[in-house]
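One file, upload-v4.pdb, is given below (PDB, C-alpha atoms and all ligand atoms).
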```
ATOM      1  CA  MET Y  20      17.922 -21.631   4.785
ATOM      2  CA  ILE Y  21      18.028 -22.927   8.364
ATOM      3  CA  PHE Y  22      14.891 -20.941   9.051
ATOM      4  CA  ASN Y  23      13.157 -22.699   6.157
ATOM      5  CA  VAL Y  24      14.212 -26.157   7.372
ATOM      6  CA  LEU Y  25      12.974 -25.345  10.874
ATOM      7  CA  ARG Y  26       9.726 -24.099   9.423
ATOM      8  CA  GLN Y  27       9.233 -27.334   7.484
ATOM      9  CA  VAL Y  28       9.966 -29.441  10.589
ATOM     10  CA  SER Y  29       7.636 -27.422  12.791
ATOM     11  CA  ARG Y  30       4.862 -27.736  10.210
ATOM     12  CA  LEU Y  31       5.101 -31.509  10.290
ATOM     13  CA  LEU Y  32       4.711 -31.465  14.048
ATOM     14  CA  LEU Y  33       2.161 -28.709  14.311
ATOM     15  CA  PRO Y  34       0.409 -27.881  11.041
ATOM     16  CA  ILE Y  35      -0.326 -24.196  10.529
ATOM     17  CA  PRO Y  36      -3.531 -23.374   8.638
ATOM     18  CA  CYS Y  37      -3.520 -21.013   5.658
ATOM     19  CA  THR Y  38      -4.840 -17.667   6.902
ATOM     20  CA  THR Y  39      -7.360 -17.412   4.073
ATOM     21  CA  CYS Y  40      -8.619 -20.946   3.357
ATOM     22  CA  ALA Y  41      -7.555 -22.747   6.587
ATOM     23  CA  GLN Y  42      -5.965 -25.683   4.704
ATOM     24  CA  PRO Y  43      -2.860 -26.939   6.563
ATOM     25  CA  LEU Y  44       0.296 -25.430   5.091
ATOM     26  CA  THR Y  45       2.930 -27.742   3.660
ATOM     27  CA  ASP Y  46       5.790 -26.377   1.607
ATOM     28  CA  ASP Y  47       4.204 -23.081   0.710
ATOM     29  CA  PRO Y  48       6.707 -20.380  -0.173
ATOM     30  CA  VAL Y  49       4.897 -17.495   1.539
ATOM     31  CA  PRO Y  50       4.485 -17.596   5.335
ATOM     32  CA  PHE Y  51       0.862 -18.078   6.554
ATOM     33  CA  PHE Y  52      -0.614 -18.615   3.058
ATOM     34  CA  CYS Y  53      -1.014 -21.638   0.818
ATOM     35  CA  ARG Y  54       0.229 -21.537  -2.728
ATOM     36  CA  SER Y  55      -3.283 -21.512  -4.217
ATOM     37  CA  CYS Y  56      -4.516 -18.598  -2.142
ATOM     38  CA  TRP Y  57      -1.392 -16.537  -2.840
ATOM     39  CA  ALA Y  58      -1.774 -17.221  -6.566
ATOM     40  CA  LEU Y  59      -5.181 -15.502  -6.441
ATOM     41  CA  ILE Y  60      -3.454 -12.160  -5.886
ATOM     42  CA  ARG Y  61      -3.359 -10.633  -9.352
ATOM     43  CA  PRO Y  62      -2.996  -7.042 -10.513
ATOM     44  CA  LEU Y  63      -6.123  -5.129 -11.455
ATOM     45  CA  ARG Y  64      -6.683  -4.724 -15.178
ATOM     46  CA  GLY Y  65      -8.948  -2.671 -17.369
ATOM     47  CA  SER Y  66      -9.800   1.003 -17.679
ATOM     48  CA  ALA Y  67      -8.374   3.303 -15.064
ATOM     49  CA  CYS Y  68      -7.894   6.995 -14.368
ATOM     50  CA  ALA Y  69      -4.586   8.256 -15.784
ATOM     51  CA  ARG Y  70      -3.647   9.957 -12.537
ATOM     52  CA  CYS Y  71      -4.996   7.988  -9.557
ATOM     53  CA  ARG Y  72      -5.409   4.778 -11.601
ATOM     54  CA  ARG Y  73      -8.714   4.102  -9.932
ATOM     55  CA  PRO Y  74     -10.320   1.258 -11.884
ATOM     56  CA  LEU Y  75     -13.397   2.354 -13.790
ATOM     57  CA  ALA Y  76     -16.403   0.234 -14.603
ATOM     58  CA  SER Y  77     -16.164   1.179 -18.264
ATOM     59  CA  PRO Y  78     -13.783   3.089 -20.554
ATOM     60  CA  SER Y  79     -16.680   5.412 -21.421
ATOM     61  CA  ALA Y  80     -16.229   7.028 -17.992
ATOM     62  CA  LEU Y  81     -13.254   8.859 -19.526
ATOM     63  CA  THR Y  82     -14.980   9.913 -22.744
ATOM     64  CA  HIS Y  83     -15.424  13.484 -21.628
ATOM     65  CA  SER Y  84     -11.992  13.798 -20.068
ATOM     66  CA  PRO Y  85      -9.221  14.915 -22.448
ATOM     67  CA  THR Y  86      -6.658  14.095 -19.737
ATOM     68  CA  HIS Y  87      -8.152  10.614 -19.139
ATOM     69  CA  GLU Y  88      -8.593  11.476 -15.494
ATOM     70  CA  CYS Y  89     -11.516  10.500 -13.306
ATOM     71  CA  HIS Y  90     -14.048  13.005 -12.017
ATOM     72  CA  ASP Y  91     -12.369  13.291  -8.588
ATOM     73  CA  CYS Y  92      -8.928  13.976 -10.035
ATOM     74  CA  ARG Y  93     -10.337  16.557 -12.471
ATOM     75  CA  THR Y  94     -12.260  18.437  -9.821
ATOM     76  CA  ARG Y  95      -9.802  18.199  -6.945
ATOM     77  CA  GLN Y  96      -6.421  18.046  -8.733
ATOM     78  CA  PRO Y  97      -4.313  16.015  -6.308
ATOM     79  CA  TYR Y  98      -0.701  17.007  -5.694
ATOM     80  CA  TYR Y  99       0.533  13.553  -6.657
ATOM     81  CA  ALA Y 100       1.131  12.983 -10.351
ATOM     82  CA  GLU Y 101       0.273   9.295 -10.316
ATOM     83  CA  VAL Y 102      -0.761   6.452  -8.032
ATOM     84  CA  TRP Y 103       0.595   2.983  -8.575
ATOM     85  CA  ALA Y 104      -1.425   0.615  -6.365
ATOM     86  CA  PRO Y 105      -1.828  -2.463  -8.538
ATOM     87  CA  TYR Y 106      -3.922  -4.828  -6.383
ATOM     88  CA  ALA Y 107      -7.440  -4.655  -4.984
ATOM     89  CA  TYR Y 108      -7.580  -4.508  -1.197
ATOM     90  CA  CYS Y 109      -9.436  -7.750  -0.597
ATOM     91  CA  SER Y 110      -8.747 -11.255   0.664
ATOM     92  CA  PRO Y 111      -6.185 -12.902   0.556
ATOM     93  CA  LEU Y 112      -4.020  -9.776   0.152
ATOM     94  CA  GLN Y 113      -6.103  -7.961   2.744
ATOM     95  CA  ASP Y 114      -5.501 -10.848   5.194
ATOM     96  CA  ALA Y 115      -1.767 -10.672   4.521
ATOM     97  CA  ILE Y 116      -1.595  -6.898   5.014
ATOM     98  CA  ALA Y 117      -3.541  -7.203   8.284
ATOM     99  CA  LEU Y 118      -1.158  -9.872   9.606
ATOM    100  CA  PHE Y 119       1.833  -7.809   8.520
ATOM    101  CA  LYS Y 120       0.608  -4.497   9.850
ATOM    102  CA  TYR Y 121      -1.415  -5.290  12.965
ATOM    103  CA  HIS Y 122       0.076  -8.598  14.083
ATOM    104  CA  GLY Y 123       3.755  -7.902  13.527
ATOM    105  CA  LYS Y 124       4.225 -10.709  10.969
ATOM    106  CA  VAL Y 125       7.205  -8.978   9.353
ATOM    107  CA  SER Y 126       8.219 -12.253   7.702
ATOM    108  CA  LEU Y 127       5.591 -11.295   5.092
ATOM    109  CA  ALA Y 128       7.508  -8.152   4.080
ATOM    110  CA  ASP Y 129       9.524  -9.844   1.321
ATOM    111  CA  ALA Y 130       6.524 -11.538  -0.273
ATOM    112  CA  LEU Y 131       4.382  -8.405  -0.092
ATOM    113  CA  ALA Y 132       7.106  -6.154  -1.482
ATOM    114  CA  ALA Y 133       7.712  -8.664  -4.286
ATOM    115  CA  LEU Y 134       4.061  -8.328  -5.340
ATOM    116  CA  LEU Y 135       4.570  -4.596  -5.809
ATOM    117  CA  ILE Y 136       8.044  -4.810  -7.350
ATOM    118  CA  HIS Y 137       6.902  -7.288 -10.020
ATOM    119  CA  THR Y 138       4.337  -4.843 -11.347
ATOM    120  CA  LEU Y 139       6.351  -1.606 -11.338
ATOM    121  CA  PRO Y 140       6.386  -0.065 -14.817
ATOM    122  CA  SER Y 141       9.664   1.388 -16.064
ATOM    123  CA  HIS Y 142       8.289   4.935 -16.317
ATOM    124  CA  LEU Y 143       7.942   5.139 -12.534
ATOM    125  CA  GLU Y 144      11.460   6.371 -11.974
ATOM    126  CA  GLY Y 145      12.294   8.307  -8.860
ATOM    127  CA  ASP Y 146      15.259   9.940  -7.158
ATOM    128  CA  VAL Y 147      14.247   8.994  -3.654
ATOM    129  CA  LEU Y 148      11.706   6.762  -1.913
ATOM    130  CA  MET Y 149       9.900   8.047   1.160
ATOM    131  CA  PRO Y 150       7.584   5.916   3.314
ATOM    132  CA  ILE Y 151       4.420   7.562   4.635
ATOM    133  CA  PRO Y 152       5.531   8.145   8.234
ATOM    134  CA  LEU Y 153       3.826   6.949  11.405
ATOM    135  CA  HIS Y 154       3.518   9.195  14.436
ATOM    136  CA  PRO Y 155       6.082   8.223  17.141
ATOM    137  CA  ASN Y 156       3.196   7.047  19.404
ATOM    138  CA  ARG Y 157       1.929   4.674  16.702
ATOM    139  CA  LEU Y 158       5.482   3.560  15.955
ATOM    140  CA  ARG Y 159       6.076   2.747  19.628
ATOM    141  CA  GLU Y 160       2.870   0.711  19.697
ATOM    142  CA  ARG Y 161       3.548  -1.168  16.475
ATOM    143  CA  GLU Y 162       7.369  -1.242  16.774
ATOM    144  CA  PHE Y 163       7.873  -0.859  13.022
ATOM    145  CA  ASN Y 164       6.604   1.209  10.121
ATOM    146  CA  GLN Y 165       5.145  -1.219   7.602
ATOM    147  CA  SER Y 166       5.669   1.313   4.790
ATOM    148  CA  LEU Y 167       9.368   1.604   5.603
ATOM    149  CA  LEU Y 168       9.777  -2.191   5.434
ATOM    150  CA  LEU Y 169       8.178  -2.118   1.976
ATOM    151  CA  ALA Y 170      10.191   0.964   0.939
ATOM    152  CA  ASP Y 171      13.506  -0.722   1.843
ATOM    153  CA  ARG Y 172      12.741  -3.634  -0.438
ATOM    154  CA  VAL Y 173      11.397  -1.544  -3.313
ATOM    155  CA  ALA Y 174      14.458   0.732  -3.007
ATOM    156  CA  ALA Y 175      16.793  -2.232  -3.328
ATOM    157  CA  ALA Y 176      14.971  -3.328  -6.488
ATOM    158  CA  LEU Y 177      14.969   0.172  -8.018
ATOM    159  CA  LYS Y 178      18.492   0.995  -6.788
ATOM    160  CA  CYS Y 179      17.144   4.192  -5.337
ATOM    161  CA  PRO Y 180      17.825   5.608  -1.843
ATOM    162  CA  VAL Y 181      15.230   5.705   0.965
ATOM    163  CA  ALA Y 182      14.780   8.867   3.033
ATOM    164  CA  TYR Y 183      12.811   8.050   6.166
ATOM    165  CA  ARG Y 184      13.781  10.837   8.553
ATOM    166  CA  ASN Y 185      12.887  13.868   6.460
ATOM    167  CA  LEU Y 186       9.100  13.513   6.183
ATOM    168  CA  VAL Y 187       7.652  13.059   9.679
ATOM    169  CA  ARG Y 188       4.245  12.875  11.289
ATOM    170  CA  ILE Y 189       3.964  15.426  14.066
ATOM    171  CA  VAL Y 190       0.275  15.064  15.003
ATOM    172  CA  ASP Y 191      -1.204  11.704  15.990
ATOM    173  CA  THR Y 192      -4.401  11.788  13.928
ATOM    174  CA  GLU Y 193      -7.418   9.502  14.296
ATOM    175  CA  PRO Y 194      -7.532   6.564  11.853
ATOM    176  CA  GLN Y 195      -8.651   8.318   8.692
ATOM    177  CA  THR Y 196     -11.030   5.740   7.295
ATOM    178  CA  THR Y 197     -13.665   6.276  10.002
ATOM    179  CA  LEU Y 198     -14.082   9.987   9.345
ATOM    180  CA  PRO Y 199     -15.919  12.010   6.687
ATOM    181  CA  ARG Y 200     -13.772  13.812   4.116
ATOM    182  CA  SER Y 201     -13.994  17.288   5.665
ATOM    183  CA  ALA Y 202     -12.945  15.953   9.075
ATOM    184  CA  ARG Y 203     -10.061  13.997   7.505
ATOM    185  CA  LEU Y 204      -8.758  17.097   5.788
ATOM    186  CA  HIS Y 205      -9.053  19.166   8.938
ATOM    187  CA  ASN Y 206      -7.222  16.471  10.907
ATOM    188  CA  LEU Y 207      -4.432  16.166   8.412
ATOM    189  CA  ARG Y 208      -3.568  19.833   8.053
ATOM    190  CA  ARG Y 209      -0.234  20.228   9.824
ATOM    191  CA  ALA Y 210      -0.085  16.497  10.653
ATOM    192  CA  PHE Y 211       3.135  16.149   8.644
ATOM    193  CA  ALA Y 212       6.360  18.139   8.403
ATOM    194  CA  LEU Y 213       9.608  18.077   6.459
ATOM    195  CA  HIS Y 214      12.812  18.373   8.483
ATOM    196  CA  ALA Y 215      14.930  19.313   5.473
ATOM    197  CA  PRO Y 216      12.668  20.735   2.718
ATOM    198  CA  HIS Y 217      15.684  21.712   0.555
ATOM    199  CA  GLU Y 218      16.549  18.016   0.167
ATOM    200  CA  VAL Y 219      13.395  17.333  -1.853
ATOM    201  CA  ALA Y 220      13.632  20.371  -4.161
ATOM    202  CA  GLY Y 221      13.852  19.298  -7.798
ATOM    203  CA  LYS Y 222      13.527  15.604  -6.858
ATOM    204  CA  ARG Y 223      11.151  12.963  -8.187
ATOM    205  CA  ILE Y 224       9.725  11.453  -5.034
ATOM    206  CA  LEU Y 225       8.230   7.977  -4.770
ATOM    207  CA  LEU Y 226       6.001   7.985  -1.690
ATOM    208  CA  ILE Y 227       5.186   4.540  -0.389
ATOM    209  CA  ASP Y 228       2.229   3.308   1.632
ATOM    210  CA  ASP Y 229       0.683  -0.113   2.220
ATOM    211  CA  VAL Y 230      -2.905   0.667   1.212
ATOM    212  CA  PHE Y 231      -4.354   3.511  -0.858
ATOM    213  CA  THR Y 232      -7.853   4.255   0.381
ATOM    214  CA  THR Y 233      -9.138   7.813   0.104
ATOM    215  CA  GLY Y 234      -5.772   9.293  -0.887
ATOM    216  CA  THR Y 235      -6.184  12.100   1.643
ATOM    217  CA  THR Y 236      -3.087  11.205   3.686
ATOM    218  CA  SER Y 237      -0.855  10.699   0.662
ATOM    219  CA  ASN Y 238      -2.130  13.892  -0.918
ATOM    220  CA  GLU Y 239      -1.268  15.847   2.205
ATOM    221  CA  CYS Y 240       2.284  14.448   2.111
ATOM    222  CA  ALA Y 241       2.460  15.203  -1.625
ATOM    223  CA  ARG Y 242       1.301  18.778  -0.935
ATOM    224  CA  LEU Y 243       4.165  19.333   1.504
ATOM    225  CA  LEU Y 244       6.685  17.836  -0.904
ATOM    226  CA  CYS Y 245       5.436  19.842  -3.903
ATOM    227  CA  GLN Y 246       5.398  23.045  -1.901
ATOM    228  CA  ALA Y 247       9.032  22.337  -0.949
ATOM    229  CA  GLY Y 248       9.834  22.171  -4.681
ATOM    230  CA  ALA Y 249       9.653  18.441  -5.459
ATOM    231  CA  GLU Y 250       9.511  17.958  -9.229
ATOM    232  CA  ARG Y 251       6.986  15.132  -9.107
ATOM    233  CA  VAL Y 252       5.395  12.936  -6.461
ATOM    234  CA  THR Y 253       4.250   9.425  -7.327
ATOM    235  CA  LEU Y 254       2.471   7.272  -4.807
ATOM    236  CA  LEU Y 255       3.229   3.565  -4.641
ATOM    237  CA  ALA Y 256       1.005   1.287  -2.587
ATOM    238  CA  LEU Y 257       0.445  -2.426  -2.507
ATOM    239  CA  ALA Y 258      -3.311  -2.348  -2.567
ATOM    240  CA  ARG Y 259      -6.184   0.031  -3.132
ATOM    241  CA  SER Y 260      -9.732  -0.097  -1.919
ATOM    242  CA  VAL Y 261     -12.071  -0.589  -4.872
ATOM    243  CA  GLU Y 262     -15.811  -0.794  -5.264
ATOM    244  CA  ALA Y 263     -17.060  -4.352  -4.799
ATOM    245  CA  GLY Y 264     -18.335  -4.549  -8.385
ATOM    246  CA  LEU Y 265     -14.793  -4.016  -9.684
ATOM    247  CA  VAL Y 266     -13.161  -6.806  -7.686
ATOM    248  CA  PRO Y 267     -12.536  -9.913  -9.803
ATOM    249  CA  GLU Y 268     -14.769 -12.729  -8.540
ATOM    250  CA  VAL Y 269     -11.852 -15.133  -8.406
ATOM    251  CA  TRP Y 270     -10.623 -13.035  -5.497
ATOM    252  CA  LEU Y 271     -13.503 -13.956  -3.280
ATOM    253  CA  PRO Y 272     -13.110 -17.496  -1.957
ATOM    254  CA  PRO Y 273     -16.437 -19.127  -0.941
ATOM    255  CA  SER Y 274     -15.822 -19.184   2.813
ATOM    256  CA  VAL Y 275     -13.542 -16.354   3.702
ATOM    257  CA  PRO Y 276     -13.458 -16.631   7.478
ATOM    258  CA  ARG Y 277     -12.372 -13.175   8.465
ATOM    259  CA  SER Y 278     -12.400  -9.498   7.768
ATOM    260  CA  ASP Y 279      -9.710  -6.961   8.480
ATOM    261  CA  THR Y 280     -11.434  -6.140  11.768
ATOM    262  CA  ASP Y 281     -11.354  -9.773  12.934
ATOM    263  CA  LEU Y 282      -7.637  -9.954  12.291
ATOM    264  CA  ARG Y 283      -7.074  -6.740  14.176
ATOM    265  CA  ALA Y 284      -8.756  -8.087  17.305
TER     266      ALA Y 284
HETATM  267 ZN    ZN G 301      -5.129 -21.022   1.321
HETATM  268 ZN    ZN G 302      -8.395   9.755 -10.706
END
```
How would this structure read if it were set down as structure tokens?
Amino acid sequence: MIFNVLRQVSRLLLPIPCTTCAQPLTDDPVPFFCRSCWALIRPLRGSACARCRRPLASPSALTHSPTHECHDCRTRQPYYAEVWAPYAYCSPLQDAIALFKYHGKVSLADALAALLIHTLPSHLEGDVLMPIPLHPNRLREREFNQSLLLADRVAAALKCPVAYRNLVRIVDTEPQTTLPRSARLHNLRRAFALHAPHEVAGKRILLIDDVFTTGTTSNECARLLCQAGAERVTLLALARSVEAGLVPEVWLPPSVPRSDTDLRA
């Protein structure tokens, strides 16, 4: 309450521009974003793979799949049973995730978690939520695990406990997105460990990450959990990277000033 009043006063004195459209912020409910930009963030719709929920250009892509799974899921059979990552990873959500993750703007945690919570279908029940862990070096650098901040809020909404000490990252791997698939897999083998494998046996685990890109990291965590006897692993993420042709045009404002890399600098 007091924080909100102070924010309003400071905006009158020193207007803050919206991160995406640069309009000065007034009474906007989400920090760093104007109401109109935030309203552009809408869940993806249309045909999707039954397992990874990757959006597909056309429903006919699943014609030859009795399980309604995409080609990648059929040929590689991930350890996770389902991915729930309802938004496309593009501006303004991409701007918000970059501010949250790389610039320590943790005041965005509530608004970002709310985006995910509002879309969760009732069948995604779980016994325990586990954030994808950061290596201690990365955690020291960043001072917080963005996935744990999201997990805490999702857990409160689902009334489900969070376990954040069991699954740990023991090897500080290179950022995965810059590497080819074979190198990513090689890197990730033995990157994670479970302190107490018996605690996940028979449990339905909801793994949580901020962005679902290749799925390699989450699949490696899911592999460990399944091999320790987890009944089912579902991955929850705020956003997923999607092919440009599948991103709704309304998501692309005419003069988006920055990319993820600019915000990281
Ligand atoms: Zn805006
Ligand atoms: Zn799939």
request  = Determine the residue set returned by the PyMOL selection byres (((chain Y and resi 106) around 7) and not hetatm) for the present structure, and present it as a list in words.
outcome  = Arg61, Pro62, Leu63, Ala104, Pro105, Ala107, Tyr108, Leu257, Ala258 and Arg259 of chain Y
Set out as JSON lines a contact list for chain Y and ligand ZN 302 (chain G) with a cut-off of 7 Å, giving each residue of chain Y that qualifies its closest atom pair and distance in Å to one decimal, counting all atoms listed in the file, ordered by chain and rising residue number.
```
{"residue": "Y:Cys68", "atom": "CA", "partner": "G:ZN302", "partner_atom": "ZN", "distance": 4.6}
{"residue": "Y:Ala69", "atom": "CA", "partner": "G:ZN302", "partner_atom": "ZN", "distance": 6.5}
{"residue": "Y:Arg70", "atom": "CA", "partner": "G:ZN302", "partner_atom": "ZN", "distance": 5.1}
{"residue": "Y:Cys71", "atom": "CA", "partner": "G:ZN302", "partner_atom": "ZN", "distance": 4.0}
{"residue": "Y:Arg72", "atom": "CA", "partner": "G:ZN302", "partner_atom": "ZN", "distance": 5.9}
{"residue": "Y:Arg73", "atom": "CA", "partner": "G:ZN302", "partner_atom": "ZN", "distance": 5.7}
{"residue": "Y:Glu88", "atom": "CA", "partner": "G:ZN302", "partner_atom": "ZN", "distance": 5.1}
{"residue": "Y:Cys89", "atom": "CA", "partner": "G:ZN302", "partner_atom": "ZN", "distance": 4.1}
{"residue": "Y:His90", "atom": "CA", "partner": "G:ZN302", "partner_atom": "ZN", "distance": 6.7}
{"residue": "Y:Asp91", "atom": "CA", "partner": "G:ZN302", "partner_atom": "ZN", "distance": 5.7}
{"residue": "Y:Cys92", "atom": "CA", "partner": "G:ZN302", "partner_atom": "ZN", "distance": 4.3}
```
One-decimal distance in Å that lies between atom CA of Y:Ala174 and atom CA of Y:Arg209 = 27.6 Å
message = I need the residue nearest ligand ZN 301 (chain G) from this list: Y:Leu148, Y:Leu158, Y:Val49, Y:Ala41. Use all atoms listed in the file for the distance.
response =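 Of all the options, Y:Ala41 lies closest to ligand ZN 301 (chain G).
The residue set within 10 Å of Y:Leu243, counting only C-alpha atoms and dropping same-chain residues fewer than 3 places from it, reads Tyr98, Leu186, Arg209, Phe211, Ala212, Leu213, Pro216, Asn238, Glu239, Cys240, Gln246, Ala247, Gly248 and Ala249 of chain Y.
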ask   = From the set Y:Arg54, Y:Arg184, Y:Lys120, Y:Arg200, which residue has the shortest atom-to-atom contact distance to ligand ZN 301 (chain G), counting only C-alpha atoms and all ligand atoms?
value = Y:Arg54
request  = Quote the spacing between atom CA of Y:Phe119 and atom CA of Y:Leu131 in Å to one decimal place.
outcome  =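 Here the two named atoms are 9.0 Å from each other.
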task = Find the distance between atom CA of Y:Val147 and atom CA of Y:Cys179 and write it in Å to one decimal.
result =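 So the two atoms, atom CA of Y:Val147 and atom CA of Y:Cys179, lie 5.9 Å apart.
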ask   = Once you count only C-alpha atoms and all ligand atoms, which residues end up within 6 Å of ligand ZN 301 (chain G), and could you hand them over as a PyMOL selection string?
value = chain Y and resi 37+39-40+42+52-53+55-56
Give me the result of the PyMOL selection byres (((chain Y and resi 221) around 12) and not hetatm) on this file, residue by residue, as a compact mmCIF listing (two decimals) with C-alpha atoms, keeping the file's coordinate frame.
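Here's the written file expr.txt:
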```
# COMPACT_ATOMS: atom_id res chain seq x y z
CA GLY Y 145 12.29 8.31 -8.86
CA ASP Y 146 15.26 9.94 -7.16
CA VAL Y 147 14.25 8.99 -3.65
CA PRO Y 216 12.67 20.74 2.72
CA HIS Y 217 15.68 21.71 0.56
CA GLU Y 218 16.55 18.02 0.17
CA VAL Y 219 13.40 17.33 -1.85
CA ALA Y 220 13.63 20.37 -4.16
CA LYS Y 222 13.53 15.60 -6.86
CA ARG Y 223 11.15 12.96 -8.19
CA ILE Y 224 9.72 11.45 -5.03
CA LEU Y 244 6.68 17.84 -0.90
CA CYS Y 245 5.44 19.84 -3.90
CA GLN Y 246 5.40 23.04 -1.90
CA ALA Y 247 9.03 22.34 -0.95
CA GLY Y 248 9.83 22.17 -4.68
CA ALA Y 249 9.65 18.44 -5.46
CA GLU Y 250 9.51 17.96 -9.23
CA ARG Y 251 6.99 15.13 -9.11
CA VAL Y 252 5.40 12.94 -6.46
```
message = Which residues are near Y:Glu162? Cut-off 12 Å, all atoms listed in the file, ignore same chain within fewer than 6 positions. Put them as a ChimeraX atom specification.
response = /Y:119-125,153-156,168
key: Cut-off 12 Å around (12.1, -0.2, 9.2) with only C-alpha atoms: residues as a PyMOL selection string   = chain Y and resi 125+128+149-153+158+161-172+181-184
Residue members of the PyMOL selection byres (((chain Y and resi 102) around 6) and not hetatm) in the file shown, as a PyMOL selection string = chain Y and resi 71+101+103+253-255
task = Using all atoms listed in the file, find the one residue out of Y:Thr45, Y:Thr38, Y:Thr233, Y:Asn185 that sits nearest to Y:Ala117.
result =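 Result for the nearest residue to Y:Ala117: Y:Thr38.
Considering only C-alpha atoms, the residue among Y:Ala133, Y:Leu59, Y:Ala76, Y:Leu81 positioned nearest to Y:Ser110 is Y:Leu59.
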request  = Go through Y:His142, Y:Asn23, Y:Leu32, Y:Ser77 and flag the residue nearest Y:Gly65, using all atoms listed in the file for the distances.
outcome  =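 Of the candidates, the smallest distance to Y:Gly65 is held by Y:Ser77.
In this comparison, which uses all atoms listed in the file, the residue of Y:Ala241, Y:Ala176, Y:Ala130, Y:Ala100 approaching Y:Trp57 most closely is Y:Ala130.
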